[in-house]
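Report on the structure given below.
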Amino acid sequence: MAHPPVNGLSVDIEDWFQVGAFEHSIARSDWDGLEHRFEANTDRVIALFDRAGVKGTFFLLGWIAERAPALVRRIADAGHEIASHGYDHKRVFLMDAREFAADLAKARAIIEDAGGVAVTGYRAPSFSIDRRTPWAHEVLAEGGYAYTSSVAPVRHDHYGWPESPRFAWRPVADSPMLEIPVTTAEIGGRTLAAGGGGFFRLLPYAFSAWAIRQVNARGEPALTYFHPWEVDPAQPRVTNAPLKSKLRHYARLDAMEAKLERLLRDFPWERMDALAARIAERPALKAAA
């Protein structure tokens with residue numbers, strides 16, 4: 001019997017006050033004056049991965065690498081991939097092509113200088129590459145990225161590009177760059193988000209495990225992601241955010257680390273760059289529409 005595909009393990013490093021759910025409740029100009037918990041929480045994730053014997057990819061904000069270069073080096077020294085999450089979590093569809101290129105260049109320079117390693121992977125904040133940004137993949141390809149993991153092929157109130165392919169594809173003609181979308185599951189003709197983050201934290205573990213097995217049964221790797229703040233139930237509470245945002249952000253934080261331990265034990269995982277390299281060897285991949 002063939003071995004199941006090895007799945008992609010990733011972490012989006014942003015702090016509790018930088019998430020999309022609070023973008024209208026906390027001003028960027030206030031970030032430096034808030035309690036920073038990203039460093040201790042990321043160290044907690046590194047320790048979790050070490051206990052499980054797995055390596056993953058850490059998508060870092062340039063803003064964070066700028067303030068904690070030693071953290072970036074610790075991640076790299078532990079054998080994990082360092083990749084870009086943009087500079088300050090600004091969604092791609094809020095920029096034009098020139099602004100996006102500048103954001104990419106700024107973040108990459110800071111992250112590479114901090115980590116001492118080349119950055120070849122990118123994830124858009126809040127999976128914000130979609131039908132509104134037809135130029136975004138071209139900008140990434142021109143920047144020499146090997147892969148991007150920036151599309152969620154679902155309908156969601158904050159993001160989503162439901163018409164895009166569910167599995168890895170080449171978004172730019174004549175470029176080897178891959179787009180590796182976040183994992184989805186199919187139920188009754190509907191496509192549902194199943195790649196991690198809040199969905200993994202809030203839904204029963206059985207759903208996530210079933211979704212991964214569904215994708216693996218097709219011979220495709222799954223992709224999971226989460227944030228360091230999701231293993232931190234003691235983080236500060238934002239009182240002026242909408243109720244829906246608070247429910248999404250704070251629910252079941254105390255259960256997240258144990259669920260991750262189980263996930264890392266139940267399935268095989270690898271870095272995103274290793275996953276992208278294996279996918280790139282396929283004789284035929286879906287190309288840009």
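Ligands are numbered from 1 in the order shown, chains are lettered A, B, ... in the order of the structure tokens, and residues start at 1 in each chain.
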Legend entry - All residues 7 Å or closer to His89 in chain A, only C-alpha atoms, same chain fewer than 3 positions away omitted, as a PyMOL selection string: chain A and resi 18+61+86+125
Can you list every residue of range 119-196 of chain A that has an atom at most 7 Å from range 262-286 of chain A, with its nearest atom pair and the distance in Å to one decimal, using only C-alpha atoms, ordered by chain then number, as a tab-separated table?
```
residue	atom	partner	partner_atom	distance
A:Tyr147	CA	A:Ala276	CA	6.7
A:Trp169	CA	A:Lys286	CA	4.8
A:Arg170	CA	A:Lys286	CA	6.3
```
Output file for the selection above: N, CA and C atoms, as a compact mmCIF listing (two decimals), in the first residue's frame:
```txt
# COMPACT_ATOMS: atom_id res chain seq x y z
N TYR A 147 7.40 29.63 -4.14
CA TYR A 147 6.00 29.28 -3.91
C TYR A 147 5.34 30.36 -3.09
N TRP A 169 -1.10 24.82 -7.94
CA TRP A 169 -1.18 25.20 -9.36
C TRP A 169 -0.14 26.27 -9.64
N ARG A 170 0.09 26.50 -10.93
CA ARG A 170 1.05 27.52 -11.36
C ARG A 170 0.24 28.74 -11.83
```
Legend entry - Asp103 in chain A surroundings by only C-alpha atoms, 12 Å radius, close-in-sequence under 5 positions cut, as a ChimeraX atom specification: /A:61-63,84-92,94-98,108-110,122,124-125,136,139-140,143
Inset, instruction - Identify, on the basis of only C-alpha atoms, every residue whose closest approach to range 236-244 of chain A does not exceed 8 Å; exclude the query and any residue fewer than 4 positions from it along the same chain; express the result as an MDAnalysis selection string. - result: chainID A and resid 16 21:22 24:25 248
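Using only C-alpha atoms, the smallest distance between any of A:Glu138, A:Asp77, A:Asp113, A:Glu220 and Arg166 in chain A comes from A:Glu220.
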Inset, instruction - Quick one: everything within 10 Å of range 196-207 of chain A, counting only C-alpha atoms, minus sequence neighbours fewer than 6 positions away in the same chain. Send it as a count of residues only. - result: 31
Legend entry - Pairwise distance for CA of Ala68 in chain A and CA of Ala27 in chain A, rounded to one decimal in Å: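 That distance, rounded to one decimal, is 20.9 Å.
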Legend entry - Using only C-alpha atoms: which of A:Gly188, A:Gly79, A:Gly115, A:Pro69 has the shortest distance to Ile46 in chain A: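 For Ile46 in chain A, the nearest of the candidates is A:Gly79.
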Inset, instruction - as a ChimeraX atom specification, list the residues of range 3-214 of chain A assigned to helix (DSSP H, G or I) by DSSP on the backbone atoms of this structure. - result: /A:20-22,28-33,38-52,62-67,69-77,92-94,97-115,125-127,136-142,197-202,205-214
Could you write out that same residue set with C-alpha atoms as a short mmCIF file (atom, residue, chain, number, x, y, z; two decimals), in the first residue's frame?
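Once everything was written out, this is out.cif:
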```cif
data_model
loop_
_atom_site.label_atom_id
_atom_site.label_comp_id
_atom_site.auth_asym_id
_atom_site.auth_seq_id
_atom_site.Cartn_x
_atom_site.Cartn_y
_atom_site.Cartn_z
CA GLY A 20 -7.51 40.81 10.92
CA ALA A 21 -10.34 40.44 13.43
CA PHE A 22 -9.04 43.44 15.39
CA ARG A 28 -1.24 50.13 13.95
CA SER A 29 0.24 53.22 15.57
CA ASP A 30 -0.50 51.65 18.97
CA TRP A 31 1.25 48.32 18.34
CA ASP A 32 4.57 49.22 19.92
CA GLY A 33 2.86 50.28 23.11
CA PHE A 38 4.89 36.73 20.06
CA GLU A 39 8.39 35.78 21.16
CA ALA A 40 7.43 33.61 24.13
CA ASN A 41 4.55 32.06 22.19
CA THR A 42 6.74 31.25 19.19
CA ASP A 43 9.32 29.64 21.48
CA ARG A 44 6.46 27.55 22.83
CA VAL A 45 5.63 26.42 19.29
CA ILE A 46 9.27 25.58 18.56
CA ALA A 47 9.30 23.42 21.69
CA LEU A 48 6.06 21.75 20.60
CA PHE A 49 7.55 20.88 17.21
CA ASP A 50 10.71 19.63 18.86
CA ARG A 51 8.73 17.27 21.10
CA ALA A 52 6.88 15.95 18.06
CA GLY A 62 8.81 41.88 8.80
CA TRP A 63 7.54 44.02 11.68
CA ILE A 64 8.23 41.14 14.06
CA ALA A 65 11.62 40.20 12.56
CA GLU A 66 12.64 43.85 12.91
CA ARG A 67 11.95 43.77 16.64
CA PRO A 69 15.94 39.20 15.08
CA ALA A 70 17.23 36.66 17.62
CA LEU A 71 13.86 34.88 17.42
CA VAL A 72 14.23 34.53 13.66
CA ARG A 73 17.66 32.99 14.13
CA ARG A 74 16.32 30.57 16.75
CA ILE A 75 13.67 29.38 14.31
CA ALA A 76 16.23 28.85 11.55
CA ASP A 77 18.74 27.21 13.89
CA VAL A 92 -2.96 42.44 -0.36
CA PHE A 93 -6.28 43.68 -1.77
CA LEU A 94 -5.75 46.96 0.12
CA ALA A 97 0.91 46.32 -7.45
CA ARG A 98 3.60 48.91 -6.66
CA GLU A 99 2.72 49.02 -2.95
CA PHE A 100 2.67 45.24 -2.80
CA ALA A 101 6.10 44.95 -4.42
CA ALA A 102 7.48 47.48 -1.91
CA ASP A 103 5.90 45.59 1.01
CA LEU A 104 7.42 42.32 -0.21
CA ALA A 105 10.88 43.83 -0.65
CA LYS A 106 10.86 45.51 2.76
CA ALA A 107 9.73 42.40 4.61
CA ARG A 108 12.13 40.08 2.80
CA ALA A 109 15.16 42.30 3.43
CA ILE A 110 14.41 42.50 7.17
CA ILE A 111 13.64 38.79 7.55
CA GLU A 112 16.70 37.63 5.58
CA ASP A 113 18.97 39.98 7.48
CA ALA A 114 17.62 38.68 10.80
CA GLY A 115 17.67 34.98 9.94
CA PRO A 125 -1.95 38.17 5.41
CA SER A 126 -5.43 36.67 5.84
CA PHE A 127 -5.06 34.74 2.55
CA ALA A 136 -0.34 39.79 -7.18
CA HIS A 137 1.00 36.46 -8.41
CA GLU A 138 2.93 38.20 -11.18
CA VAL A 139 4.59 40.48 -8.63
CA LEU A 140 5.59 37.45 -6.55
CA ALA A 141 6.94 35.61 -9.60
CA GLU A 142 8.99 38.67 -10.57
CA GLY A 197 -6.33 28.29 12.33
CA GLY A 198 -9.70 29.07 13.86
CA PHE A 199 -11.40 26.23 12.00
CA PHE A 200 -9.08 23.69 13.61
CA ARG A 201 -9.33 25.33 17.02
CA LEU A 202 -13.13 25.67 17.07
CA TYR A 205 -10.68 17.28 16.02
CA ALA A 206 -12.48 14.53 14.11
CA PHE A 207 -13.47 16.99 11.37
CA SER A 208 -9.89 18.12 10.76
CA ALA A 209 -8.58 14.55 10.75
CA TRP A 210 -11.32 13.49 8.32
CA ALA A 211 -10.54 16.43 6.01
CA ILE A 212 -6.83 15.58 5.93
CA ARG A 213 -7.59 11.94 5.17
CA GLN A 214 -10.00 13.00 2.41
#
```
Inset, instruction - Please run DSSP on the backbone and report, as a list in words, all residues within range 101-203 of chain A that come out as strand (DSSP E). - result: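 Selecting the strand (DSSP E) positions of range 101-203 of chain A gives Gly121, Tyr122, Tyr147, Thr148, Trp169, Arg170, Leu178, Glu179, Thr184, Ala185, Glu186, Ile187, Arg190, Thr191, Leu192 and Ala193 of chain A.
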Legend entry - Minimum-distance residue to Arg132 in chain A, chosen among A:Tyr159, A:Phe167, A:Pro4, A:Ala118 (using only C-alpha atoms):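 Checking each of A:Tyr159, A:Phe167, A:Pro4, A:Ala118 against Arg132 in chain A, counting only C-alpha atoms, the winner is A:Tyr159.
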